[in-house]
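Visitor: Pasting final-v8.cif here (mmCIF, C-alpha atoms and all ligand atoms):
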```cif
data_input
#
loop_
_atom_site.label_atom_id
_atom_site.label_comp_id
_atom_site.auth_asym_id
_atom_site.auth_seq_id
_atom_site.Cartn_x
_atom_site.Cartn_y
_atom_site.Cartn_z
CA MET K 1 -19.24 -0.64 -10.76
CA LEU K 2 -17.19 2.09 -9.15
CA SER K 3 -17.36 5.78 -9.96
CA TYR K 4 -14.97 8.64 -9.25
CA ASN K 5 -16.83 9.39 -6.03
CA ASP K 6 -16.07 5.95 -4.65
CA ILE K 7 -12.39 6.79 -4.61
CA TYR K 8 -11.64 8.74 -1.50
CA GLY K 9 -9.93 12.12 -1.90
CA GLN K 10 -7.42 12.60 -4.75
CA ASP K 11 -9.59 15.34 -6.29
CA ASN K 12 -6.73 16.94 -8.21
CA ILE K 13 -5.91 13.77 -10.09
CA LYS K 14 -9.54 12.87 -10.67
CA ASN K 15 -10.23 16.32 -12.09
CA TYR K 16 -7.13 16.15 -14.25
CA LEU K 17 -8.13 12.78 -15.70
CA LYS K 18 -11.65 13.98 -16.44
CA MET K 19 -10.33 17.17 -17.97
CA ILE K 20 -7.95 15.49 -20.41
CA LYS K 21 -10.72 13.13 -21.48
CA GLN K 22 -13.05 16.04 -22.05
CA LYS K 23 -10.45 18.03 -23.98
CA ASN K 24 -9.28 14.97 -25.83
CA LYS K 25 -5.70 15.50 -24.70
CA ILE K 26 -4.91 11.94 -23.78
CA MET K 27 -1.35 10.70 -24.06
CA HIS K 28 -0.23 7.14 -24.60
CA ALA K 29 1.40 6.32 -21.28
CA TYR K 30 0.74 7.13 -17.64
CA ILE K 31 2.25 6.16 -14.33
CA ILE K 32 0.05 6.31 -11.25
CA ASN K 33 2.20 6.06 -8.15
CA GLU K 34 0.64 5.37 -4.78
CA GLU K 35 1.27 3.95 -1.38
CA LYS K 36 -0.35 0.52 -1.34
CA GLY K 37 -4.06 0.81 -0.65
CA MET K 38 -4.68 4.38 -1.79
CA GLY K 39 -6.86 3.28 -4.68
CA ALA K 40 -4.72 3.54 -7.84
CA GLN K 41 -6.18 0.36 -9.28
CA GLU K 42 -9.73 1.48 -8.70
CA LEU K 43 -8.97 4.89 -10.14
CA ALA K 44 -7.39 3.38 -13.26
CA LYS K 45 -10.48 1.24 -13.78
CA VAL K 46 -12.88 4.13 -13.31
CA TRP K 47 -10.92 6.24 -15.76
CA ALA K 48 -10.65 3.40 -18.26
CA ALA K 49 -14.42 2.84 -18.09
CA HIS K 50 -14.89 6.56 -18.64
CA LEU K 51 -12.57 6.58 -21.65
CA LEU K 52 -14.21 3.52 -23.18
CA CYS K 53 -17.81 4.61 -22.52
CA LYS K 54 -19.87 5.31 -25.63
CA ASN K 55 -21.58 8.32 -24.07
CA ASP K 56 -19.77 11.56 -23.51
CA LEU K 57 -20.55 12.33 -19.89
CA ASN K 58 -18.63 13.46 -16.83
CA GLU K 59 -17.99 9.82 -16.06
CA CYS K 60 -18.96 6.47 -17.53
CA CYS K 61 -22.71 6.03 -18.11
CA LYS K 62 -22.87 2.48 -16.68
CA LYS K 63 -25.49 1.64 -19.30
CA CYS K 64 -23.89 1.41 -22.72
CA HIS K 65 -22.50 -1.80 -24.16
CA SER K 66 -18.96 -0.82 -23.24
CA CYS K 67 -19.88 -0.03 -19.62
CA ILE K 68 -21.75 -3.30 -19.27
CA GLN K 69 -18.71 -5.17 -20.53
CA MET K 70 -16.48 -3.27 -18.10
CA LYS K 71 -18.81 -4.02 -15.24
CA ALA K 72 -18.65 -7.72 -16.03
CA ASP K 73 -14.85 -7.58 -16.33
CA LEU K 74 -15.19 -8.75 -19.91
CA HIS K 75 -14.27 -5.69 -21.92
CA PRO K 76 -12.07 -6.89 -24.80
CA ASP K 77 -10.27 -3.54 -25.06
CA PHE K 78 -9.35 -3.36 -21.39
CA ILE K 79 -6.37 -5.53 -20.57
CA PHE K 80 -5.25 -5.92 -17.00
CA ILE K 81 -1.81 -7.32 -16.23
CA SER K 82 -0.44 -8.09 -12.77
CA PRO K 83 2.22 -10.37 -11.31
CA TYR K 84 -0.61 -12.42 -9.74
CA LYS K 85 1.10 -14.92 -7.45
CA LYS K 86 4.55 -14.31 -8.87
CA ASN K 87 7.11 -11.92 -7.52
CA SER K 88 7.81 -10.24 -10.81
CA ILE K 89 6.45 -9.47 -14.25
CA GLY K 90 8.77 -10.98 -16.81
CA VAL K 91 9.54 -10.20 -20.41
CA ASP K 92 7.30 -13.06 -21.61
CA ASP K 93 4.35 -11.62 -19.71
CA ILE K 94 4.80 -8.29 -21.47
CA ARG K 95 5.27 -9.88 -24.89
CA GLU K 96 2.28 -12.14 -24.47
CA SER K 97 -0.15 -9.67 -22.95
CA ILE K 98 0.90 -6.48 -24.66
CA ASN K 99 3.28 -6.67 -27.58
CA SER K 100 1.50 -9.53 -29.32
CA THR K 101 -1.98 -8.00 -28.99
CA LEU K 102 -1.06 -4.39 -29.57
CA ASN K 103 -1.70 -4.30 -33.29
CA ILE K 104 -5.14 -5.83 -33.07
CA MET K 105 -7.52 -2.91 -33.47
CA PRO K 106 -9.91 -2.23 -30.58
CA TYR K 107 -13.00 -4.41 -30.88
CA MET K 108 -15.30 -1.59 -29.92
CA GLY K 109 -13.61 1.04 -31.98
CA GLY K 110 -12.36 3.34 -29.23
CA TYR K 111 -9.23 3.01 -27.17
CA LYS K 112 -7.37 -0.08 -26.19
CA ILE K 113 -6.25 0.27 -22.60
CA TYR K 114 -3.56 -1.72 -20.84
CA VAL K 115 -3.20 -1.45 -17.09
CA ILE K 116 -0.13 -2.97 -15.47
CA LYS K 117 -0.52 -3.44 -11.75
CA ASP K 118 2.64 -3.50 -9.61
CA ALA K 119 4.56 -2.20 -12.61
CA HIS K 120 7.62 -1.74 -10.37
CA LYS K 121 7.81 -5.54 -10.34
CA MET K 122 8.63 -5.66 -14.04
CA THR K 123 12.08 -7.06 -14.65
CA VAL K 124 14.52 -4.84 -16.55
CA GLN K 125 14.02 -7.01 -19.64
CA ALA K 126 10.27 -6.65 -19.30
CA GLN K 127 10.61 -2.89 -19.02
CA ASN K 128 12.81 -2.79 -22.09
CA ALA K 129 10.26 -4.81 -24.01
CA LEU K 130 7.57 -2.39 -22.90
CA LEU K 131 9.69 0.61 -23.79
CA LYS K 132 9.43 -0.07 -27.52
CA THR K 133 5.67 -0.08 -27.20
CA ILE K 134 5.59 3.13 -25.25
CA GLU K 135 7.86 4.82 -27.77
CA GLU K 136 5.67 4.18 -30.79
CA PRO K 137 2.30 2.79 -29.86
CA PRO K 138 -0.64 2.52 -32.26
CA GLU K 139 -2.89 5.56 -32.09
CA TYR K 140 -5.59 3.85 -30.00
CA VAL K 141 -3.32 2.47 -27.25
CA ILE K 142 -3.16 3.80 -23.68
CA ILE K 143 -0.85 2.20 -21.15
CA ILE K 144 -1.30 2.86 -17.44
CA LEU K 145 1.41 1.69 -15.07
CA LEU K 146 0.42 1.38 -11.43
CA CYS K 147 3.24 1.28 -8.96
CA THR K 148 4.18 1.82 -5.36
CA ASN K 149 7.84 2.46 -6.05
CA MET K 150 8.59 4.57 -9.08
CA ASP K 151 12.33 4.29 -8.44
CA MET K 152 12.18 0.73 -9.71
CA LEU K 153 11.17 1.91 -13.17
CA LEU K 154 13.78 2.68 -15.79
CA GLU K 155 14.46 6.34 -16.45
CA THR K 156 13.66 5.73 -20.11
CA ILE K 157 10.18 4.49 -19.19
CA LYS K 158 9.50 7.26 -16.72
CA SER K 159 10.53 9.99 -19.13
CA ARG K 160 7.94 8.81 -21.64
CA CYS K 161 5.03 8.69 -19.22
CA ILE K 162 2.83 11.30 -17.58
CA LYS K 163 3.47 10.80 -13.88
CA LEU K 164 0.63 11.08 -11.40
CA ARG K 165 1.02 10.63 -7.69
CA LEU K 166 -1.77 9.76 -5.28
CA LEU K 167 -1.31 11.77 -2.12
CA PRO K 168 -1.80 10.87 1.53
CA GLN K 169 -5.01 12.22 3.00
CA ALA K 170 -5.27 14.34 6.13
CA GLU K 171 -5.53 12.26 9.28
CA ASP K 172 -8.51 14.22 10.50
CA ALA K 173 -10.43 13.68 7.26
CA ILE K 174 -9.79 9.94 7.44
CA LYS K 175 -10.93 9.89 11.04
CA LYS K 176 -14.17 11.69 10.21
CA ASN K 177 -14.76 9.32 7.34
CA LEU K 178 -14.39 6.32 9.65
CA ILE K 179 -16.72 7.81 12.23
CA LYS K 180 -19.26 8.36 9.46
CA SER K 181 -18.99 4.66 8.65
CA GLY K 182 -19.85 3.79 12.23
CA VAL K 183 -16.44 3.40 13.91
CA SER K 184 -16.25 4.69 17.49
CA GLU K 185 -14.35 7.93 17.92
CA ASP K 186 -11.55 6.29 19.91
CA LYS K 187 -10.91 3.62 17.35
CA ALA K 188 -11.32 5.98 14.42
CA ALA K 189 -8.59 8.17 15.88
CA MET K 190 -6.30 5.19 16.32
CA TYR K 191 -6.94 3.71 12.87
CA ALA K 192 -6.54 7.08 11.18
CA ALA K 193 -3.27 7.76 12.97
CA TYR K 194 -1.95 4.30 12.17
CA ALA K 195 -2.94 4.64 8.51
CA ARG K 196 -0.75 7.75 8.18
CA GLY K 197 -2.69 9.20 5.30
CA ASN K 198 -3.47 5.92 3.59
CA ILE K 199 -7.25 5.60 3.40
CA GLY K 200 -6.90 1.98 2.26
CA THR K 201 -5.17 0.95 5.48
CA ALA K 202 -7.74 2.78 7.59
CA GLN K 203 -10.61 1.15 5.74
CA ARG K 204 -9.05 -2.27 6.04
CA LEU K 205 -8.81 -1.87 9.79
CA TYR K 206 -12.49 -1.11 9.81
CA GLU K 207 -13.73 -3.63 7.25
CA ASP K 208 -11.33 -6.57 7.31
CA GLU K 209 -11.69 -8.56 10.49
CA ASP K 210 -8.50 -10.58 9.99
CA PHE K 211 -6.46 -7.46 9.37
CA ARG K 212 -7.95 -5.84 12.46
CA ASN K 213 -7.27 -8.91 14.60
CA VAL K 214 -3.64 -8.91 13.52
CA PHE K 215 -3.44 -5.24 14.47
CA PHE K 216 -4.67 -5.84 18.02
CA GLU K 217 -2.65 -9.04 18.35
CA ASN K 218 0.46 -7.07 17.47
CA ILE K 219 -0.27 -4.59 20.22
CA GLU K 220 -0.67 -7.46 22.67
CA ILE K 221 2.56 -9.06 21.54
CA LEU K 222 4.57 -5.88 21.95
CA GLU K 223 3.03 -5.11 25.32
CA SER K 224 3.51 -8.60 26.74
CA ILE K 225 7.10 -8.80 25.55
CA GLY K 226 7.75 -5.32 26.84
CA TRP K 227 6.41 -6.15 30.27
CA GLY K 228 8.29 -9.45 30.29
CA GLU K 229 5.25 -11.63 30.81
CA ASN K 230 6.00 -15.32 31.25
CA GLY K 231 6.15 -17.20 27.99
CA ALA K 232 5.45 -14.05 25.99
CA LEU K 233 8.08 -14.79 23.39
CA THR K 234 6.96 -18.37 22.78
CA LYS K 235 3.35 -17.30 22.54
CA ALA K 236 4.20 -14.48 20.16
CA MET K 237 6.17 -16.82 17.93
CA GLU K 238 3.24 -19.23 17.75
CA ILE K 239 0.87 -16.47 16.73
CA ILE K 240 3.18 -15.04 14.11
CA LYS K 241 4.09 -18.42 12.63
CA ASN K 242 0.43 -19.07 11.94
CA ARG K 243 0.14 -15.97 9.81
CA LYS K 244 0.83 -16.13 6.13
CA ASP K 245 3.61 -13.87 4.85
CA ASN K 246 2.87 -11.00 7.19
CA PHE K 247 6.43 -10.66 8.42
CA ASN K 248 7.07 -7.47 6.58
CA ASP K 249 3.95 -5.93 8.05
CA PHE K 250 4.87 -7.13 11.51
CA ILE K 251 8.30 -5.53 11.37
CA GLU K 252 6.71 -2.32 10.11
CA PHE K 253 4.21 -2.48 12.95
CA CYS K 254 7.01 -2.81 15.51
CA ARG K 255 8.75 0.18 13.99
CA ILE K 256 5.62 2.32 14.31
CA TRP K 257 5.14 1.20 17.89
CA TYR K 258 8.72 2.12 18.80
CA ARG K 259 8.36 5.41 17.00
CA ASP K 260 5.74 6.17 19.67
CA VAL K 261 8.16 5.05 22.39
CA LEU K 262 10.76 7.43 20.97
CA ILE K 263 8.27 10.32 20.87
CA VAL K 264 7.40 9.79 24.52
CA LYS K 265 11.04 9.60 25.46
CA LYS K 266 11.91 12.79 23.60
CA ILE K 267 8.92 15.07 24.15
CA ASN K 268 6.27 13.02 25.93
CA ILE K 269 3.22 14.43 24.17
CA ARG K 270 0.48 11.84 24.34
CA GLU K 271 -1.54 13.54 21.62
CA MET K 272 1.17 12.84 19.08
CA LEU K 273 1.02 9.10 19.54
CA ILE K 274 -0.64 6.56 17.30
CA PHE K 275 -1.17 4.22 20.22
CA LYS K 276 -2.57 6.77 22.63
CA LYS K 277 -4.58 4.15 24.47
CA GLN K 278 -1.44 2.19 25.25
CA TYR K 279 0.24 5.25 26.71
CA THR K 280 0.93 3.59 30.07
CA SER K 281 2.96 0.80 28.49
CA ILE K 282 4.65 3.07 26.02
CA LYS K 283 5.64 5.51 28.77
CA ALA K 284 7.02 2.68 30.90
CA PHE K 285 9.08 1.39 27.98
CA ALA K 286 10.31 4.89 27.14
CA ASP K 287 11.41 5.46 30.75
CA ASN K 288 13.24 2.19 30.89
CA LEU K 289 15.04 2.33 27.60
CA LYS K 290 18.11 4.44 27.05
CA TYR K 291 18.58 6.22 23.75
CA SER K 292 21.30 3.72 22.96
CA ASP K 293 18.78 0.89 23.47
CA LEU K 294 16.33 2.53 21.11
CA TYR K 295 19.09 3.03 18.60
CA ARG K 296 19.82 -0.69 18.74
CA ILE K 297 16.15 -1.54 18.46
CA PHE K 298 15.70 0.54 15.32
CA ASN K 299 18.85 -1.03 13.94
CA ALA K 300 17.34 -4.43 14.64
CA PHE K 301 14.33 -3.49 12.48
CA ASP K 302 16.62 -2.55 9.60
CA ARG K 303 18.54 -5.80 9.96
CA ALA K 304 15.30 -7.78 10.04
CA TYR K 305 14.22 -6.13 6.78
CA ASP K 306 17.55 -6.86 5.14
CA ARG K 307 17.35 -10.50 6.15
CA LEU K 308 13.82 -10.80 4.90
CA VAL K 309 14.94 -9.49 1.53
CA ALA K 310 17.85 -11.96 1.61
CA ASN K 311 15.37 -14.82 2.13
CA VAL K 312 16.52 -15.81 5.60
CA ASN K 313 13.90 -17.99 7.32
CA PRO K 314 11.27 -15.51 8.57
CA ASP K 315 10.72 -17.41 11.84
CA ILE K 316 14.36 -16.91 12.73
CA ILE K 317 14.22 -13.24 11.79
CA VAL K 318 11.19 -12.53 13.93
CA HIS K 319 12.53 -14.59 16.83
CA THR K 320 15.81 -12.68 16.77
CA LEU K 321 13.95 -9.40 16.63
CA LEU K 322 11.63 -10.17 19.52
CA LEU K 323 14.53 -11.46 21.56
CA GLU K 324 16.34 -8.18 20.97
CA LEU K 325 13.28 -6.25 22.21
CA LYS K 326 12.97 -8.50 25.22
CA THR K 327 16.63 -8.09 26.10
CA ARG K 328 16.57 -4.31 25.79
CA LEU K 329 13.49 -4.05 28.00
CA ARG K 330 14.71 -6.44 30.66
CA ARG K 331 15.40 -3.68 33.17
CA ILE K 332 11.67 -3.08 33.59
CA TYR K 333 10.92 -6.42 35.09
CA ASP K 334 14.23 -7.78 36.38
ZN ZN I 401 -21.13 3.90 -20.94
#
```
Mind turning the file's structure into structure tokens?
Guide:
Amino acid sequence: MLSYNDIYGQDNIKNYLKMIKQKNKIMHAYIINEEKGMGAQELAKVWAAHLLCKNDLNECCKKCHSCIQMKADLHPDFIFISPYKKNSIGVDDIRESINSTLNIMPYMGGYKIYVIKDAHKMTVQAQNALLKTIEEPPEYVIIILLCTNMDMLLETIKSRCIKLRLLPQAEDAIKKNLIKSGVSEDKAAMYAAYARGNIGTAQRLYEDEDFRNVFFENIEILESIGWGENGALTKAMEIIKNRKDNFNDFIEFCRIWYRDVLIVKKINIREMLIFKKQYTSIKAFADNLKYSDLYRIFNAFDRAYDRLVANVNPDIIVHTLLLELKTRLRRIYD
């Protein structure tokens, strides 16, 4: 069972949540906005456990009946809603999980807490259904919306919620944290830079072997295409096709890589790069690309995103994108 200390950084929000619990100043609806991986879900759970705990401590006691139920994911007054495999949360989901259970008093006599993960994926109808609940909830109800894009929520919802925002962490702090976990200094620097303040991304690079492999594969793909190695494009396509729905991440990865190329072209400060170790390649690409090429490349990323959203076949999108990169870089090896 997690405690506040297991959530990295975010001290202001943690202290605020503890304080309002202590002072009994809890409102009915909260939004916790984050960049994916910063720990909003974990934080919501820790806070919920704290609110539901039968002992009045600085965080949940982990021993009382309520805490034991939370630990086993069986607490009847803690309701977790997420899109699961679907792309959106529909009006029926809200009616079924929230509106129809709302008036049942909490089994354990305290609060009844609803957490909606990926709340930005609620359809407009779903949000409108939720709105009524947020406007006049029963005394014991707390609703926590977790989202990564607050703009997708209706103004009417937002105005009725207390809005909390998880903040990016300093790169250096993330790096030190990784080194403490046993990552070599070189890699820690690279992961921390790539994570750009998102501790979740940095930790995944360290802990999740598949995620890490994809990271290094991506570097290889961009280097081999950049240098015009024989069959690089075909090989890259094979690798990417075998991944499950990582296209978005791949495009984002390319964008970060070319951001480094642009930095080298403009000011050439190696220390500012995420991919410092790949400086030789990045410098060669920067020297061989004109600004107009880079402009086209960044445009190609935008187009790839748009097509992905428009449900164009991802294989075609990635192929077109890599071909564009290959074409722009041709001068290096022709
Ligand atoms: Zn407890």
Visitor: Residues at most 12 Å from Gly109 of chain K, counting only C-alpha atoms, excluding those fewer than 4 positions away in the same chain, as a list of chain:residue names?
Guide: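 With the cut-off at 12 Å, the set is K:Leu51, K:Leu52, K:Cys53, K:Lys54, K:Ser66, K:Pro76, K:Asp77, K:Ile104, K:Met105, K:Ile113, K:Glu139, K:Tyr140, K:Val141.
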Visitor: Neighbours of ligand ZN 401 (chain I) at 10 Å or closer, counting only C-alpha atoms and all ligand atoms: which residues, as a ChimeraX atom specification?
Guide: /K:49-57,59-70
Visitor: Would you list the residues near (6.3, -19.3, 16.2) (no more than 12 Å away, in the coordinates of the file, using all atoms listed in the file) as a VMD selection string?
Guide: chain K and resid 231 to 244 247 313 to 320 322
Visitor: For atom CA of Leu131 of chain K and atom CA of Asp73 of chain K, determine how far apart the two atoms are, in Å to one decimal place.
Guide: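 Rounded to one decimal, the two atoms are 26.9 Å apart.
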Visitor: Go ahead and compute the interatomic distance for atom CA of Lys265 of chain K and atom CA of Phe285 of chain K, in Å to one decimal.
Guide: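 Interatomic distance here is 8.8 Å.
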Visitor: Pick out the closest residue to Asp151 of chain K from this set: K:Asn218, K:Asn33, K:Thr201, K:Asn213. Count only C-alpha atoms.
Guide: K:Asn33
Visitor: Using all atoms listed in the file, what residues lie at most 7 Å away from (-6.3, 10.2, -2.2) (file coordinates), given as a ChimeraX atom specification?
Guide: /K:8-10,38,166-169
Visitor: Could you model N, CA, C and O atoms for segment 278-292 of chain K and present them as an mmCIF file, in the frame of the given file?
Guide:
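And here's rebuild33.cif as it stands now:
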```cif
data_model
loop_
_atom_site.group_PDB
_atom_site.id
_atom_site.type_symbol
_atom_site.label_atom_id
_atom_site.label_comp_id
_atom_site.auth_asym_id
_atom_site.auth_seq_id
_atom_site.Cartn_x
_atom_site.Cartn_y
_atom_site.Cartn_z
ATOM 1 N N GLN K 278 -2.456 3.027 24.611
ATOM 2 C CA GLN K 278 -1.440 2.190 25.250
ATOM 3 C C GLN K 278 -0.365 3.059 25.904
ATOM 4 O O GLN K 278 0.761 2.618 26.125
ATOM 5 N N TYR K 279 -0.741 4.290 26.205
ATOM 6 C CA TYR K 279 0.240 5.250 26.710
ATOM 7 C C TYR K 279 0.997 4.723 27.937
ATOM 8 O O TYR K 279 2.208 4.897 28.047
ATOM 9 N N THR K 280 0.286 4.066 28.844
ATOM 10 C CA THR K 280 0.930 3.590 30.070
ATOM 11 C C THR K 280 2.113 2.670 29.741
ATOM 12 O O THR K 280 3.215 2.833 30.286
ATOM 13 N N SER K 281 1.870 1.709 28.873
ATOM 14 C CA SER K 281 2.960 0.800 28.490
ATOM 15 C C SER K 281 4.062 1.566 27.781
ATOM 16 O O SER K 281 5.251 1.412 28.091
ATOM 17 N N ILE K 282 3.654 2.380 26.834
ATOM 18 C CA ILE K 282 4.650 3.070 26.020
ATOM 19 C C ILE K 282 5.522 3.987 26.892
ATOM 20 O O ILE K 282 6.740 4.050 26.740
ATOM 21 N N LYS K 283 4.888 4.636 27.856
ATOM 22 C CA LYS K 283 5.640 5.510 28.770
ATOM 23 C C LYS K 283 6.618 4.675 29.599
ATOM 24 O O LYS K 283 7.783 5.059 29.788
ATOM 25 N N ALA K 284 6.144 3.533 30.092
ATOM 26 C CA ALA K 284 7.020 2.680 30.900
ATOM 27 C C ALA K 284 8.229 2.223 30.083
ATOM 28 O O ALA K 284 9.364 2.229 30.559
ATOM 29 N N PHE K 285 7.975 1.850 28.829
ATOM 30 C CA PHE K 285 9.080 1.390 27.980
ATOM 31 C C PHE K 285 10.045 2.549 27.709
ATOM 32 O O PHE K 285 11.266 2.387 27.739
ATOM 33 N N ALA K 286 9.474 3.721 27.447
ATOM 34 C CA ALA K 286 10.310 4.890 27.140
ATOM 35 C C ALA K 286 11.203 5.224 28.339
ATOM 36 O O ALA K 286 12.381 5.547 28.192
ATOM 37 N N ASP K 287 10.636 5.134 29.543
ATOM 38 C CA ASP K 287 11.410 5.460 30.750
ATOM 39 C C ASP K 287 12.525 4.454 30.996
ATOM 40 O O ASP K 287 13.541 4.775 31.597
ATOM 41 N N ASN K 288 12.281 3.235 30.569
ATOM 42 C CA ASN K 288 13.240 2.190 30.890
ATOM 43 C C ASN K 288 14.261 1.909 29.805
ATOM 44 O O ASN K 288 15.167 1.113 29.998
ATOM 45 N N LEU K 289 14.071 2.537 28.677
ATOM 46 C CA LEU K 289 15.040 2.330 27.600
ATOM 47 C C LEU K 289 15.917 3.564 27.482
ATOM 48 O O LEU K 289 15.429 4.691 27.548
ATOM 49 N N LYS K 290 17.220 3.312 27.324
ATOM 50 C CA LYS K 290 18.110 4.440 27.050
ATOM 51 C C LYS K 290 18.035 4.741 25.556
ATOM 52 O O LYS K 290 17.594 3.903 24.773
ATOM 53 N N TYR K 291 18.542 5.912 25.183
ATOM 54 C CA TYR K 291 18.580 6.220 23.750
ATOM 55 C C TYR K 291 19.395 5.177 22.995
ATOM 56 O O TYR K 291 19.070 4.804 21.877
ATOM 57 N N SER K 292 20.460 4.709 23.649
ATOM 58 C CA SER K 292 21.300 3.720 22.960
ATOM 59 C C SER K 292 20.526 2.412 22.737
ATOM 60 O O SER K 292 20.714 1.732 21.734
#
```
